[in-house]
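J.: I'm passing along coords_30.cif; it holds mmCIF, C-alpha atoms and all ligand atoms.
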```cif
data_my_file
loop_
_atom_site.label_atom_id
_atom_site.label_comp_id
_atom_site.auth_asym_id
_atom_site.auth_seq_id
_atom_site.Cartn_x
_atom_site.Cartn_y
_atom_site.Cartn_z
CA ILE F 1 99.04 86.65 111.82
CA SER F 2 101.23 87.96 109.03
CA ARG F 3 104.17 85.92 110.27
CA ASN F 4 102.02 82.86 110.30
CA ARG F 5 100.81 83.51 106.81
CA ILE F 6 104.38 83.63 105.63
CA ASP F 7 105.09 80.35 107.39
CA MET F 8 102.11 78.86 105.67
CA GLU F 9 103.19 79.98 102.27
CA LYS F 10 106.52 78.39 102.88
CA PHE F 11 104.79 75.07 103.46
CA PRO F 12 102.43 74.55 100.60
CA VAL F 13 102.49 70.82 101.24
CA TRP F 14 100.17 69.80 104.01
CA ARG F 15 101.41 66.64 105.62
CA GLY F 16 101.12 67.43 109.29
CA ILE F 17 98.29 65.00 109.94
CA GLY F 18 98.70 65.11 113.66
CA ALA F 19 98.81 68.86 113.97
CA GLY F 20 95.10 69.45 114.25
CA SER F 21 93.95 66.46 116.20
CA GLY F 22 96.84 65.86 118.55
CA ILE F 23 98.97 62.78 118.64
CA GLY F 24 96.21 60.21 118.99
CA GLY F 25 94.09 61.37 116.10
CA GLY F 26 97.09 61.78 113.89
CA TRP F 27 98.13 58.20 114.36
CA SER F 28 94.88 56.57 113.32
CA GLN F 29 94.16 58.97 110.49
CA GLY F 30 97.66 58.54 109.25
CA TRP F 31 97.39 54.80 109.06
CA GLY F 32 94.05 55.03 107.35
CA ARG F 33 95.44 57.27 104.69
CA ARG F 34 98.66 55.41 104.10
CA LEU F 35 97.31 51.90 103.81
CA ALA F 36 95.08 52.15 100.79
CA ARG F 37 91.85 50.25 101.28
CA ILE F 38 92.51 46.57 100.75
CA PRO F 39 89.83 45.07 98.45
CA VAL F 40 88.53 42.20 100.56
CA PHE F 41 86.55 39.45 98.95
CA ASP F 42 82.90 40.35 99.19
CA TYR F 43 81.71 36.77 98.92
CA PRO F 44 82.56 33.97 101.29
CA VAL F 45 84.29 31.08 99.54
CA TRP F 46 81.42 28.64 100.17
CA LEU F 47 79.04 30.91 98.35
CA VAL F 48 81.23 30.93 95.28
CA ARG F 49 81.39 27.14 95.41
CA CYS F 50 77.63 26.69 95.91
CA ARG F 51 76.58 28.85 93.06
CA GLY F 52 79.36 27.36 91.01
CA GLY F 53 79.57 30.62 89.20
CA ARG F 54 82.66 30.41 87.05
CA ALA F 55 82.36 34.04 86.21
CA ARG F 56 82.26 34.88 89.88
CA LEU F 57 85.37 32.87 90.51
CA ILE F 58 87.25 34.65 87.75
CA GLU F 59 86.11 37.96 89.08
CA VAL F 60 87.31 37.04 92.53
CA CYS F 61 90.64 35.92 91.12
CA GLN F 62 91.07 39.19 89.35
CA ARG F 63 90.27 41.06 92.50
CA GLY F 64 92.77 38.88 94.27
CA ARG F 65 95.39 39.83 91.76
CA GLY F 66 94.51 43.42 92.38
CA ALA F 67 95.05 42.81 96.03
CA ILE F 68 98.40 41.19 95.37
CA ARG F 69 99.48 44.15 93.36
CA LEU F 70 98.64 46.29 96.37
CA PRO F 71 102.01 46.04 98.10
CA THR F 72 103.63 48.06 95.35
CA ASP F 73 101.12 50.76 96.20
CA MET F 74 101.96 50.43 99.84
CA LEU F 75 105.67 50.51 99.20
CA SER F 76 105.35 53.72 97.29
CA ILE F 77 104.39 55.50 100.50
CA LYS F 78 105.38 59.04 99.77
CA LEU F 79 108.34 59.87 101.95
CA PRO F 80 107.79 63.15 103.71
CA GLN F 81 109.34 66.04 101.87
CA LEU F 82 112.44 67.67 103.30
CA PHE F 83 113.18 71.36 103.55
CA ASP F 84 116.09 73.74 103.53
CA ILE F 85 117.07 75.98 106.37
CA HIS F 86 115.41 79.11 104.96
CA GLN F 87 112.12 77.24 104.56
CA VAL F 88 111.65 76.39 108.22
CA PRO F 89 110.78 78.75 111.09
CA LYS F 90 113.69 80.15 112.99
CA VAL F 91 113.29 77.94 116.07
CA PHE F 92 114.09 74.87 114.02
CA ARG F 93 117.22 76.20 112.40
CA GLU F 94 120.55 74.75 113.26
CA ASP F 95 123.81 76.59 112.59
CA SER F 96 125.56 75.43 109.42
CA ILE F 97 123.01 72.69 108.70
CA ILE F 98 121.50 73.75 105.41
CA SER F 99 119.24 70.92 104.28
CA GLY F 100 117.46 67.79 105.45
CA TYR F 101 114.92 69.53 107.68
CA ARG F 102 111.65 67.73 108.27
CA HIS F 103 108.29 69.50 108.09
CA PRO F 104 107.93 71.65 111.21
CA ARG F 105 104.40 70.32 111.71
CA SER F 106 105.05 66.65 111.13
CA SER F 107 102.66 64.11 112.61
CA ALA F 108 103.87 61.59 115.15
CA LEU F 109 103.69 58.91 112.48
CA ASP F 110 105.71 61.00 110.04
CA CYS F 111 108.29 61.44 112.77
CA VAL F 112 108.57 57.71 113.34
CA LEU F 113 108.78 57.05 109.61
CA SER F 114 111.36 59.77 109.22
CA SER F 115 113.77 57.77 111.33
CA PHE F 116 113.99 55.39 108.37
CA GLN F 117 114.38 58.20 105.88
CA MET F 118 117.58 60.15 105.48
CA THR F 119 117.05 63.48 107.23
CA ASN F 120 119.40 65.65 109.25
CA GLU F 121 118.20 63.87 112.41
CA THR F 122 118.29 60.24 111.29
CA VAL F 123 121.83 59.53 112.44
CA ASN F 124 121.17 61.45 115.65
CA ILE F 125 118.24 59.15 116.36
CA TRP F 126 120.10 55.92 115.69
CA THR F 127 123.33 56.89 117.42
CA HIS F 128 121.39 56.94 120.66
CA PHE F 129 118.76 54.31 119.91
CA LEU F 130 121.17 51.45 119.24
CA PRO F 131 123.37 52.20 122.28
CA THR F 132 120.20 52.07 124.39
CA TRP F 133 119.92 48.39 123.45
CA TYR F 134 123.60 47.82 124.05
CA PHE F 135 123.37 49.27 127.56
CA LEU F 136 120.17 47.31 128.22
CA TRP F 137 122.02 44.16 127.20
CA ARG F 138 124.92 44.97 129.54
CA PHE F 139 122.39 45.66 132.28
CA SER F 140 120.59 42.37 131.76
CA VAL F 141 123.89 40.46 131.94
CA LEU F 142 124.67 42.24 135.22
CA CYS F 143 121.20 41.35 136.48
CA SER F 144 121.97 37.70 136.00
CA THR F 145 125.41 37.83 137.64
CA LEU F 146 124.78 40.24 140.51
CA ASN F 147 122.11 40.13 143.13
CA PHE F 148 120.39 43.50 142.68
CA MET F 149 117.42 42.35 144.74
CA THR F 150 119.03 41.74 148.09
CA ASP F 151 122.66 42.88 147.92
CA SER F 152 122.45 46.55 148.79
CA TYR F 153 126.10 47.06 147.83
CA THR F 154 125.00 46.80 144.17
CA TRP F 155 122.24 49.42 144.37
CA PRO F 156 124.32 52.40 143.29
CA LEU F 157 125.26 50.40 140.21
CA LEU F 158 121.60 49.57 139.65
CA VAL F 159 120.73 53.28 139.67
CA TYR F 160 123.62 54.06 137.35
CA MET F 161 122.71 51.32 134.87
CA LEU F 162 119.06 52.39 134.78
CA LEU F 163 120.05 55.96 134.01
CA ILE F 164 122.55 55.14 131.27
CA CYS F 165 119.76 53.20 129.56
CA ILE F 166 117.28 56.02 129.98
CA TYR F 167 119.31 58.95 128.73
CA PRO F 168 120.13 57.67 125.22
CA PHE F 169 116.57 56.44 124.82
CA THR F 170 115.09 59.80 125.81
CA SER F 171 117.47 61.55 123.51
CA SER F 172 116.60 59.41 120.51
CA CYS F 173 112.89 60.01 121.20
CA ALA F 174 113.53 63.73 121.49
CA HIS F 175 115.29 63.77 118.13
CA THR F 176 112.50 61.70 116.58
CA PHE F 177 109.57 63.81 117.73
CA SER F 178 111.14 67.26 117.81
CA SER F 179 109.71 68.30 114.46
CA MET F 180 106.01 68.06 115.37
CA SER F 181 105.75 71.73 116.33
CA PRO F 182 107.92 74.42 117.93
CA GLU F 183 106.32 73.59 121.27
CA SER F 184 106.95 69.88 120.95
CA ARG F 185 110.52 70.62 119.97
CA HIS F 186 111.07 72.51 123.22
CA ILE F 187 109.32 69.88 125.31
CA CYS F 188 111.24 67.04 123.65
CA TYR F 189 114.52 68.74 124.49
CA PHE F 190 113.34 69.48 128.03
CA PHE F 191 113.03 65.73 128.49
CA ASP F 192 116.40 65.21 126.85
CA TYR F 193 118.05 67.63 129.30
CA GLY F 194 116.16 66.11 132.21
CA ALA F 195 117.42 62.64 131.32
CA LEU F 196 120.97 63.94 130.98
CA SER F 197 120.84 65.66 134.31
CA LEU F 198 119.48 62.48 135.92
CA TYR F 199 122.39 60.66 134.32
CA SER F 200 124.68 63.03 136.18
CA LEU F 201 122.89 61.94 139.35
CA GLY F 202 123.59 58.33 138.42
CA CYS F 203 127.26 59.22 138.10
CA ALA F 204 127.20 60.91 141.50
CA VAL F 205 125.55 57.93 143.18
CA SER F 206 127.98 55.41 141.71
CA TYR F 207 131.07 57.62 142.17
CA GLY F 208 130.05 58.48 145.70
CA TYR F 209 130.02 54.80 146.66
CA TYR F 210 132.52 53.04 144.42
CA VAL F 211 134.97 55.54 142.96
CA ILE F 212 135.56 57.71 146.00
CA PRO F 213 139.20 57.65 147.24
CA ASP F 214 139.83 55.51 150.31
CA SER F 215 140.67 58.54 152.41
CA TRP F 216 137.30 60.17 151.67
CA VAL F 217 135.23 57.22 152.83
CA ASN F 218 132.86 58.36 155.58
CA SER F 219 133.92 61.98 155.17
CA TRP F 220 131.45 64.86 155.21
CA LEU F 221 131.62 65.03 151.43
CA GLN F 222 130.74 61.39 150.94
CA GLN F 223 127.84 61.63 153.34
CA HIS F 224 126.40 64.62 151.49
CA PHE F 225 127.58 63.79 148.00
CA VAL F 226 124.30 62.41 146.72
CA THR F 227 122.19 65.10 148.40
CA ILE F 228 124.24 67.80 146.71
CA ALA F 229 123.93 65.90 143.44
CA ILE F 230 120.13 66.06 143.70
CA GLY F 231 120.43 69.83 144.02
CA ASN F 232 122.69 69.81 140.98
CA THR F 233 120.16 67.94 138.84
CA LEU F 234 117.49 70.49 139.73
CA PHE F 235 119.86 73.33 138.90
CA CYS F 236 121.01 71.64 135.69
CA THR F 237 117.53 70.82 134.41
CA SER F 238 116.14 74.26 135.21
CA LEU F 239 119.04 76.14 133.69
CA SER F 240 119.20 74.06 130.52
CA CYS F 241 115.44 74.29 129.99
CA TYR F 242 115.56 78.02 130.65
CA SER F 243 118.38 78.42 128.14
CA ARG F 244 116.01 77.34 125.36
CA PHE F 245 113.95 80.48 125.87
CA LEU F 246 116.99 82.66 125.25
CA GLU F 247 118.03 80.79 122.15
CA LEU F 248 116.46 83.04 119.53
CA GLN F 249 117.33 86.36 121.10
CA PHE F 250 120.69 85.58 122.66
CA PRO F 251 122.08 82.45 121.03
CA GLN F 252 125.52 82.95 122.56
CA ARG F 253 124.29 83.38 126.09
CA SER F 254 121.93 80.44 125.71
CA LYS F 255 124.76 78.17 124.60
CA VAL F 256 126.99 79.27 127.47
CA LEU F 257 124.24 78.68 130.02
CA ARG F 258 123.39 75.27 128.65
CA THR F 259 127.00 74.16 128.50
CA GLY F 260 127.56 75.43 132.02
CA ALA F 261 124.44 73.64 133.20
CA PHE F 262 125.95 70.31 132.21
CA VAL F 263 129.62 70.97 132.90
CA PHE F 264 129.01 72.02 136.49
CA PRO F 265 127.44 68.74 137.71
CA PHE F 266 130.03 66.85 135.71
CA ILE F 267 132.88 68.58 137.53
CA PHE F 268 131.19 68.05 140.87
CA ASP F 269 130.60 64.35 140.18
CA THR F 270 134.14 63.84 139.00
CA THR F 271 135.93 65.44 141.98
CA PRO F 272 136.46 62.07 143.74
CA LEU F 273 137.95 60.71 140.54
CA PHE F 274 140.15 63.75 139.97
CA TYR F 275 141.44 63.40 143.52
CA ARG F 276 142.21 59.72 142.99
CA LEU F 277 144.06 60.51 139.79
CA LEU F 278 145.95 63.27 141.56
CA LEU F 279 147.06 60.82 144.24
CA CYS F 280 148.14 58.52 141.48
CA CYS F 281 150.25 61.17 139.83
CA GLY F 282 151.85 61.70 143.24
CA GLY F 283 152.81 58.03 143.07
CA SER F 284 150.72 56.82 145.99
CA CYS F 285 148.45 54.42 144.20
CA SER F 286 148.54 51.26 142.18
CA PRO F 287 147.39 51.98 138.63
CA SER F 288 144.40 49.71 138.07
CA ASP F 289 142.26 48.72 135.14
CA ALA F 290 139.56 50.93 136.50
CA LEU F 291 141.77 54.01 136.46
CA SER F 292 142.72 53.58 132.81
CA SER F 293 139.05 53.18 131.88
CA HIS F 294 138.28 56.28 133.96
CA CYS F 295 140.92 58.18 131.99
CA TYR F 296 139.44 57.12 128.65
CA HIS F 297 136.08 58.26 129.93
CA LEU F 298 137.49 61.68 130.84
CA LEU F 299 139.08 61.95 127.42
CA PHE F 300 135.76 61.30 125.72
CA ALA F 301 133.99 63.62 128.13
CA PHE F 302 136.25 66.47 127.08
CA LEU F 303 135.76 65.56 123.44
CA THR F 304 131.99 65.52 123.98
CA CYS F 305 132.07 68.97 125.51
CA PHE F 306 134.30 70.26 122.73
CA LEU F 307 131.99 68.92 120.00
CA PHE F 308 128.95 70.38 121.74
CA THR F 309 130.39 73.87 121.87
CA ALA F 310 132.56 74.02 118.74
CA HIS F 311 130.03 72.94 116.07
CA LEU F 312 132.85 71.36 114.13
CA PRO F 313 133.14 70.16 111.42
CA GLU F 314 129.97 71.63 109.87
CA ARG F 315 130.98 75.17 110.72
CA LEU F 316 133.94 74.86 108.36
CA ALA F 317 131.79 73.70 105.46
CA PRO F 318 128.13 74.61 105.98
CA GLY F 319 125.86 72.21 104.12
CA ARG F 320 128.47 69.48 103.70
CA PHE F 321 127.64 67.60 106.90
CA ASP F 322 123.85 67.95 106.95
CA TYR F 323 123.21 64.22 106.94
CA PHE F 324 126.45 62.59 108.03
CA GLY F 325 129.16 63.75 110.33
CA HIS F 326 127.82 66.96 111.87
CA SER F 327 128.90 67.85 115.36
CA HIS F 328 125.74 66.66 117.06
CA GLN F 329 126.19 63.14 115.70
CA LEU F 330 129.82 63.08 116.78
CA PHE F 331 128.68 64.44 120.12
CA HIS F 332 126.27 61.52 120.51
CA VAL F 333 128.89 58.95 119.55
CA SER F 334 131.49 60.44 121.82
CA ALA F 335 129.06 60.65 124.72
CA VAL F 336 128.12 57.00 124.32
CA LEU F 337 131.73 55.83 124.02
CA GLY F 338 132.59 57.86 127.10
CA THR F 339 129.67 56.37 128.99
CA ASN F 340 130.78 52.90 128.00
CA PHE F 341 134.28 53.45 129.41
CA GLN F 342 132.75 54.98 132.50
CA MET F 343 130.48 51.97 132.94
CA GLU F 344 133.43 49.57 132.67
CA ALA F 345 135.36 51.64 135.18
CA VAL F 346 132.51 51.82 137.66
CA ILE F 347 131.88 48.07 137.41
CA THR F 348 135.59 47.32 137.88
CA ASP F 349 135.83 49.60 140.90
CA MET F 350 132.68 48.14 142.35
CA MET F 351 133.89 44.56 142.00
CA SER F 352 137.44 45.12 143.17
CA ARG F 353 137.00 47.60 146.01
CA ARG F 354 134.17 45.97 147.90
CA ALA F 355 136.23 44.86 150.90
CA ALA F 356 138.16 48.12 151.13
CA LEU F 357 135.05 50.29 150.88
CA LEU F 358 132.97 48.30 153.34
CA ALA F 359 135.79 48.11 155.87
CA HIS F 360 135.26 51.75 156.90
CA GLY F 361 132.17 52.88 155.08
CA ALA F 362 128.52 52.04 155.43
CA MET F 363 126.43 49.91 153.11
CA PRO F 364 124.46 52.00 150.60
CA SER F 365 120.93 52.49 151.87
CA PHE F 366 117.75 52.03 149.88
CA LEU F 367 116.80 55.66 150.38
CA GLY F 368 120.28 56.85 149.40
CA THR F 369 120.19 55.05 146.08
CA ILE F 370 116.84 53.98 144.64
CA GLY F 371 114.94 56.45 146.84
CA VAL F 372 117.12 59.27 145.56
CA LEU F 373 116.47 58.19 141.99
CA VAL F 374 112.70 58.18 142.44
CA ILE F 375 112.67 61.52 144.29
CA SER F 376 114.80 63.28 141.70
CA LEU F 377 112.85 61.71 138.89
CA PHE F 378 109.68 63.32 140.18
CA LEU F 379 111.35 66.62 141.00
CA ASN F 380 112.81 66.80 137.50
CA LEU F 381 109.52 65.86 135.89
CA GLY F 382 108.00 68.70 137.93
CA ILE F 383 110.53 71.17 136.55
CA ILE F 384 109.90 69.97 133.01
CA GLY F 385 106.19 70.35 133.66
CA ILE F 386 106.66 73.92 134.85
CA PHE F 387 108.63 74.82 131.74
CA SER F 388 106.24 72.98 129.42
CA ALA F 389 102.98 74.38 130.80
CA PRO F 390 103.22 77.81 129.12
CA LEU F 391 104.11 76.14 125.81
CA LEU F 392 101.11 73.85 126.03
CA TRP F 393 98.77 76.73 126.79
CA LYS F 394 100.04 79.21 124.26
CA PRO F 395 99.13 77.43 121.02
CA PHE F 396 95.41 77.75 121.64
CA HIS F 397 95.69 81.50 121.63
CA SER F 398 98.27 82.27 119.02
CA SER F 399 100.49 80.68 116.43
CA ASN F 400 98.84 77.29 116.18
CA GLN F 401 95.47 78.69 115.16
CA VAL F 402 96.35 79.25 111.54
CA PHE F 403 97.89 75.84 111.12
CA VAL F 404 94.93 74.12 112.69
CA CYS F 405 92.43 75.82 110.43
CA TRP F 406 94.34 75.46 107.25
CA ARG F 407 93.93 72.23 105.31
CA PRO F 408 94.30 71.58 101.62
CA GLY F 409 90.97 72.31 100.04
CA SER F 410 89.85 74.59 102.80
CA LYS F 411 89.93 78.30 102.07
CA ALA F 412 93.26 79.75 102.96
CA ILE F 413 93.11 82.36 105.66
C1 LIG I 1 117.31 68.99 111.68
O1 LIG I 1 116.08 69.47 111.27
C2 LIG I 1 115.17 69.73 112.29
C3 LIG I 1 113.85 70.09 111.67
O2 LIG I 1 113.32 68.98 111.07
C4 LIG I 1 115.70 70.82 113.17
O3 LIG I 1 114.81 71.12 114.18
C5 LIG I 1 117.00 70.37 113.77
O4 LIG I 1 117.58 71.38 114.50
C6 LIG I 1 117.98 69.88 112.72
N1 LIG I 1 119.00 69.15 113.44
C7 LIG I 1 120.26 69.24 113.18
C8 LIG I 1 121.18 68.47 114.04
O5 LIG I 1 120.69 69.88 112.30
ZN ZN I 2 121.09 64.86 120.86
#
```
The structure given in the file should be rewritten as structure tokens.

T.:
Amino acid sequence: ISRNRIDMEKFPVWRGIGAGSGIGGGWSQGWGRRLARIPVFDYPVWLVRCRGGRARLIEVCQRGRGAIRLPTDMLSIKLPQLFDIHQVPKVFREDSIISGYRHPRSSALDCVLSSFQMTNETVNIWTHFLPTWYFLWRFSVLCSTLNFMTDSYTWPLLVYMLLICIYPFTSSCAHTFSSMSPESRHICYFFDYGALSLYSLGCAVSYGYYVIPDSWVNSWLQQHFVTIAIGNTLFCTSLSCYSRFLELQFPQRSKVLRTGAFVFPFIFDTTPLFYRLLLCCGGSCSPSDALSSHCYHLLFAFLTCFLFTAHLPERLAPGRFDYFGHSHQLFHVSAVLGTNFQMEAVITDMMSRRAALLAHGAMPSFLGTIGVLVISLFLNLGIIGIFSAPLLWKPFHSSNQVFVCWRPGSKAI
């Protein structure tokens, strides 16, 4: 209780509308509060005319003017207040990011609005939200040029394209809603990790069919590539979710585990590509467009990993990069650029190697592509559910209690 009281004193401003009533209640209450009551005309127009009351008309006009002045009221919506690192509970703190923290009990509406306000997360939100639309656009163009419905050769690409649209979207949602409560923060990032690990499955599916070296077609590895990748997503999601629980006590260990959780599937997925590049270095291949795009992707993948682990540049100048340019934003940008190169490479390989791949190998099956996606989606959701359940139960017994009871005007506890 004493810890909670301290937290409360640190947040004298109550703005977490959604905290007490859950997401749904918060939304409607929030709108009610923000949009000041609009003075509607009490009298129907015909009534004013009938009675011919000039005074009435003037009154109505004045009211109308009042109503017109309303937008200025509405525009002066108070932007949620921001906090410094020492004002927020420890779970929310980010190394070397000093300011720009949102209220740790923001409502869902506040979270959405905060994406238009400059906070430490704003650029993180947009650097994955806009690319979502870019990838969706690329996907829709492919839909009109390829025959995803009946041509089973395109299904691995279909799975890949779906997943590269999902992961940036999930991530931007996670960054948007992570400041509703400590529990929501964990759950948001569980989904973020789940989407990333499914993305690694998308890579495996597309690499296993299109990028694999000619000599590996129909090998044991190709036949089991996707199955192993499903195992990897389960491992990756579980380990990265688990790493969140270690974060406060063992930040170093948590970071190592989480990085490992994502690097391991990446290395597995990329083995066919590494082997192809190795053959190329040995001089037994024709350098193609696809290979150069693959190399750019690898370059960005390494940069992404570096940014994730190094916390540069903010570590060099804590507080300088709170809003623009901190490592997580660069990490997002580099991940998206890498994905874009990877997408180009996969599409090029898919288009140009069709004959060669189908000469020896089998057509991708429905179960091996879309089936795999659906199965792993549910398995990963299950893992996220298992990790989220204790967080969803806990608040009713402990920390949340004080926040729920405390409202401005009510007696402080
Ligand atoms: C930004 O602030 C939020 C709290 O609103 C915190 O949870 C998060 O870790 C911070 N993010 C970054 C990238 O600094
Ligand atoms: Zn992120």

J.: Excluding Ile386 of chain F and its own-chain neighbours fewer than 6 positions away, which residues fall within 12 Å of it when counting all atoms listed in the file? Please give them as a list in words.

T.: Ile187, Phe190, Thr237, Ser238, Cys241, Tyr242, Leu379, Asn380, Leu392 and Trp393 of chain F

J.: Please measure the separation of atom CA of Phe225 of chain F and atom CA of Val374 of chain F, giving the value in Å to one decimal.

T.: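 Taking atom CA of Phe225 of chain F as the start and atom CA of Val374 of chain F as the end point, the length is 16.8 Å.
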
J.: Could you state the separation of atom CA of Ser284 of chain F and atom CA of Gln223 of chain F in Å, given to one decimal place?

T.: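 Separation of atom CA of Ser284 of chain F and atom CA of Gln223 of chain F: 24.5 Å.
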
J.: Considering all atoms listed in the file, tabulate each residue of segment 166-213 of chain F that lies at most 6 Å from segment 121-140 of chain F along with its nearest interatomic pair and the corresponding distance in Å to one decimal; arrange the rows by chain and ascending residue number and present them as a tab-separated table.

T.:
```
residue	atom	partner	partner_atom	distance
F:Pro168	CA	F:His128	CA	4.8
F:Phe169	CA	F:Thr132	CA	5.7
F:Ser172	CA	F:Ile125	CA	4.5
F:His175	CA	F:Ile125	CA	5.8
```

J.: For Leu312 of chain F, work out the shell of residues within 8 Å, counting only C-alpha atoms and skipping chain neighbours fewer than 5 positions away, then give it as a list in words.

T.: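 With the cut-off at 8 Å, the set is Leu307, His326 and Ser327 of chain F.
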
J.: Show me which residues line ligand LIG 1 (chain I), defined as having an atom within 7 Å of a ligand atom where all atoms listed in the file count, and present them as a VMD selection string.

T.: chain F and resid 92 to 94 97 100 to 104 120 to 121 178 to 179 322 328

J.: Write out as an NGL selection string each polymer residue whose atoms come within 6 Å of segment 193-200 of chain F, counting all atoms listed in the file; drop sequence neighbours fewer than 5 positions from it.

T.: :F and (163 or 167 or 233 or 237)

J.: Quick check, in Å to one decimal: how far apart do atom CA of Val217 of chain F and atom CA of Ala261 of chain F lie?

T.: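 Atom CA of Ala261 of chain F lies at a distance of 27.8 Å from atom CA of Val217 of chain F.
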
J.: Using all atoms listed in the file, pick whichever of F:Lys255, F:Leu381, F:His186, F:Ser171 has the shortest atom-to-atom distance to ligand ZN 2 (chain I).

T.: F:Ser171
